[in-house]
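Colleague: Got a structure for you, written out below as structure tokens; questions coming shortly.
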Amino acid sequence: MGPGEVLIERMSWTDVRDAMAAGSRTVILPVAAMEQHGPHMAIGTDTFLGYETSERLARALGDALVAPAISIGYSVGHLPMPGTVTIAEETLAQVITEVVDSLVHHGFTDVVLLSSHGGNYGALNMAVPGLRARHPAVRIHTRTSFDSSMEARAALLDELGLDAARVGVHAAQGETSMMLACHPNLVDMSRAVEGFTGDASIRWRAKVPPPMDEMSPTGILGDARNSSVELGERFLDSNVQEWVSAIRSGELLN
Ligand SMILES: [Zn+2]
């Protein structure tokens, strides 16, 4: 509660009404997950990072609020590790659809679907065409593949001289650094290890990814060592700047 809050779940309904009346007509919906993130990091990592990125993005845009996250995603490949929960892509697509319908009902003109989990793009691609058809006056911004978010970070990795295979795609230097930057109490670096550093793209390109334990017994894709708060801040900032320019240019509208 209070002035400057952007997370809808921490606001009252009158706060939301007043913020919208004052010009906050963009809403960011974190589409996240609840899945294992290695032996060193919390299962809620994608949800926490989805909120962190969305909150920073809302503040950078200046006229945006953050909807309550969809905190359970499509994570079937992570089920070998205890604690992971998953829903079917069709179910997730339906949840996304009904949540966006609710937000549109209140009068938001721009909806940003911000996936913090590579497995959610199938469901997003199922849901978005129908949403755009039903709400033609609403601008729905979304990336359509995990590969496009990988491309977005490639320039930064070059600039920092980092190895993409070690920064990784799951529970490795990338996500671990971002968690150190915003939730250090949910990371135990004494348990951060090297995981699978080969080509993991089958995991997000196949409709049903192979069980994680066959590829990486620790559940890490990349190398979680050498993570740092400083790197995490760079990754978060860069991601937010990519989103800001993509939203302002309208490049994620179709
Ligand atoms: Zn993750």
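Ordered as shown in the structure tokens, chains take letters A, B, and onward, while each chain numbers its residues from 1 and ligands are numbered from 1 in the order shown.
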Within 10 Å of Gly62 (chain A), counting only C-alpha atoms, which residues show up once you throw out same-chain ones fewer than 6 positions away? Write them as a short mmCIF file (atom, residue, chain, number, x, y, z; two decimals) with N, CA, C and O atoms, in the first residue's frame, please.
Modeller:
data_model
loop_
_atom_site.label_atom_id
_atom_site.label_comp_id
_atom_site.auth_asym_id
_atom_site.auth_seq_id
_atom_site.Cartn_x
_atom_site.Cartn_y
_atom_site.Cartn_z
N VAL A 6 3.35 -0.21 -7.34
CA VAL A 6 2.93 -0.62 -8.69
C VAL A 6 2.42 -2.06 -8.74
O VAL A 6 1.88 -2.48 -9.76
N GLY A 23 -3.46 7.83 -15.30
CA GLY A 23 -2.73 7.54 -16.54
C GLY A 23 -2.04 6.20 -16.62
O GLY A 23 -1.44 5.87 -17.64
N SER A 24 -2.09 5.41 -15.55
CA SER A 24 -1.46 4.07 -15.62
C SER A 24 -2.40 3.12 -16.35
O SER A 24 -3.23 2.46 -15.73
N THR A 26 -1.18 0.83 -18.70
CA THR A 26 -0.46 -0.37 -19.13
C THR A 26 -0.39 -1.32 -17.94
O THR A 26 -0.11 -0.89 -16.82
N ARG A 56 10.41 -3.47 -12.04
CA ARG A 56 11.38 -2.51 -12.59
C ARG A 56 10.88 -1.94 -13.92
O ARG A 56 11.07 -0.76 -14.21
#
Colleague: Enumerate as number ranges by chain the residues within 10 Å of ligand 1, counting only C-alpha atoms and all ligand atoms.
Modeller: A: 32-38, 41-50, 116-119, 169-172, 174-176, 179, 220
Colleague: Give one line per residue of region 139-207 of chain A that approaches region 79-103 of chain A to at most 12 Å, naming the two atoms of the closest pair and their distance in Å to one decimal, counting only C-alpha atoms; sort by chain then ascending residue number and deliver it as a tab-separated table.
Modeller:
residue	atom	partner	partner_atom	distance
A:Arg139	CA	A:Val100	CA	11.5
A:Ile140	CA	A:Val100	CA	9.4
A:His141	CA	A:Val100	CA	11.8
A:Lys207	CA	A:Glu89	CA	9.3
Colleague: Looking only at strand (DSSP E or B) from DSSP on the backbone, list the matching residues of region 109-244 of chain A as a list in words.
Modeller: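 Restricting region 109-244 of chain A to strand (DSSP E or B) produces Asp110, Val111, Val112, Leu113, Leu114, Ser115, Arg139, Ile140, His141, Thr142, His170, Val187, Glu194, Phe196, Leu221 and Asp223 of chain A.
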Colleague: Kindly indicate which residue among A:Asn254, A:Val27, A:Ile70, A:Ser245 lies nearest to Ala133 (chain A), using only C-alpha atoms for the distances.
Modeller: A:Asn254
Colleague: So that I can check the secondary structure, give me every residue of region 184-252 of chain A assigned alpha helix (DSSP H) by backbone DSSP, as an NGL selection string.
Modeller: :A and (202-205 or 212-215 or 229-249)
Colleague: Neighbouring residues of Ser228 (chain A) were defined as those with any atom within 7 Å, considering only C-alpha atoms; residues of the same chain fewer than 2 positions away were excluded. Please report them as a ChimeraX atom specification.
Modeller: /A:177,180,226,230-232
Colleague: Just to be explicit: take each residue in the selection above, keep N, CA and C atoms, and write the result as a compact mmCIF listing (two decimals), in the first residue's frame.
Modeller:
# COMPACT_ATOMS: atom_id res chain seq x y z
N SER A 177 22.60 -14.99 -10.67
CA SER A 177 23.04 -13.61 -10.42
C SER A 177 21.85 -12.70 -10.18
N LEU A 180 20.61 -13.27 -6.76
CA LEU A 180 21.50 -12.65 -5.77
C LEU A 180 21.21 -11.16 -5.66
N ASN A 226 30.38 -18.46 -10.08
CA ASN A 226 30.75 -17.12 -10.59
C ASN A 226 29.55 -16.20 -10.80
N GLU A 230 26.45 -7.92 -9.04
CA GLU A 230 26.73 -6.94 -10.10
C GLU A 230 26.24 -7.46 -11.45
N LEU A 231 26.53 -8.74 -11.73
CA LEU A 231 26.05 -9.32 -12.99
C LEU A 231 24.53 -9.35 -13.02
N GLY A 232 23.95 -9.71 -11.88
CA GLY A 232 22.49 -9.78 -11.81
C GLY A 232 21.86 -8.44 -12.13
Colleague: Got a sec: who's within 10 Å of Thr53 (chain A), counting only C-alpha atoms, leaving out chain neighbours fewer than 5 positions off, as a JSON list (two decimals) with N, CA and C atoms, in the first residue's frame?
Modeller:
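Output contents, as saved in out26.json:
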[["chain", "number", "residue", "atom", "x", "y", "z"],
["A", 28, "ILE", "N", 1.35, -5.07, -16.71],
["A", 28, "ILE", "CA", 2.31, -6.13, -17.01],
["A", 28, "ILE", "C", 1.88, -7.38, -16.26],
["A", 30, "PRO", "N", 3.17, -10.96, -15.21],
["A", 30, "PRO", "CA", 4.26, -11.95, -15.18],
["A", 30, "PRO", "C", 3.67, -13.36, -15.37],
["A", 47, "THR", "N", 9.05, -17.04, -10.56],
["A", 47, "THR", "CA", 8.01, -16.12, -10.09],
["A", 47, "THR", "C", 8.64, -14.88, -9.47],
["A", 48, "PHE", "N", 9.67, -15.08, -8.64],
["A", 48, "PHE", "CA", 10.33, -13.91, -8.02],
["A", 48, "PHE", "C", 10.99, -13.03, -9.09],
["A", 58, "ALA", "N", 7.71, -1.61, -14.84],
["A", 58, "ALA", "CA", 6.61, -0.67, -14.57],
["A", 58, "ALA", "C", 7.17, 0.69, -14.18],
["A", 114, "LEU", "N", 4.73, -10.94, -19.81],
["A", 114, "LEU", "CA", 6.16, -11.07, -19.58],
["A", 114, "LEU", "C", 6.45, -12.47, -19.02],
["A", 116, "SER", "N", 8.71, -15.29, -17.65],
["A", 116, "SER", "CA", 10.03, -15.47, -17.02],
["A", 116, "SER", "C", 10.45, -16.94, -17.09],
["A", 178, "MET", "N", 20.80, -12.86, -10.97],
["A", 178, "MET", "CA", 19.62, -12.01, -10.79],
["A", 178, "MET", "C", 18.97, -12.26, -9.43],
["A", 235, "PHE", "N", 22.02, -7.89, -15.86],
["A", 235, "PHE", "CA", 21.04, -8.69, -16.59],
["A", 235, "PHE", "C", 19.63, -8.11, -16.44],
["A", 236, "LEU", "N", 19.29, -7.74, -15.21],
["A", 236, "LEU", "CA", 17.95, -7.19, -14.97],
["A", 236, "LEU", "C", 17.77, -5.87, -15.73],
["A", 237, "ASP", "N", 18.77, -4.98, -15.62],
["A", 237, "ASP", "CA", 18.68, -3.68, -16.31],
["A", 237, "ASP", "C", 18.54, -3.86, -17.81],
["A", 239, "ASN", "N", 17.49, -6.44, -19.49],
["A", 239, "ASN", "CA", 16.20, -7.04, -19.83],
["A", 239, "ASN", "C", 15.10, -5.97, -19.80],
["A", 240, "VAL", "N", 15.13, -5.15, -18.77],
["A", 240, "VAL", "CA", 14.11, -4.09, -18.65],
["A", 240, "VAL", "C", 14.24, -3.11, -19.82],
["A", 243, "TRP", "N", 12.73, -4.53, -22.91],
["A", 243, "TRP", "CA", 11.27, -4.48, -22.87],
["A", 243, "TRP", "C", 10.76, -3.07, -23.12]]
Colleague: Find, counting only C-alpha atoms, the residue in A:Leu124, A:Leu113, A:Val208, A:Gly222 that gets nearest to Val167 (chain A).
Modeller: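 Of the candidates, the smallest distance to Val167 (chain A) is held by A:Gly222.
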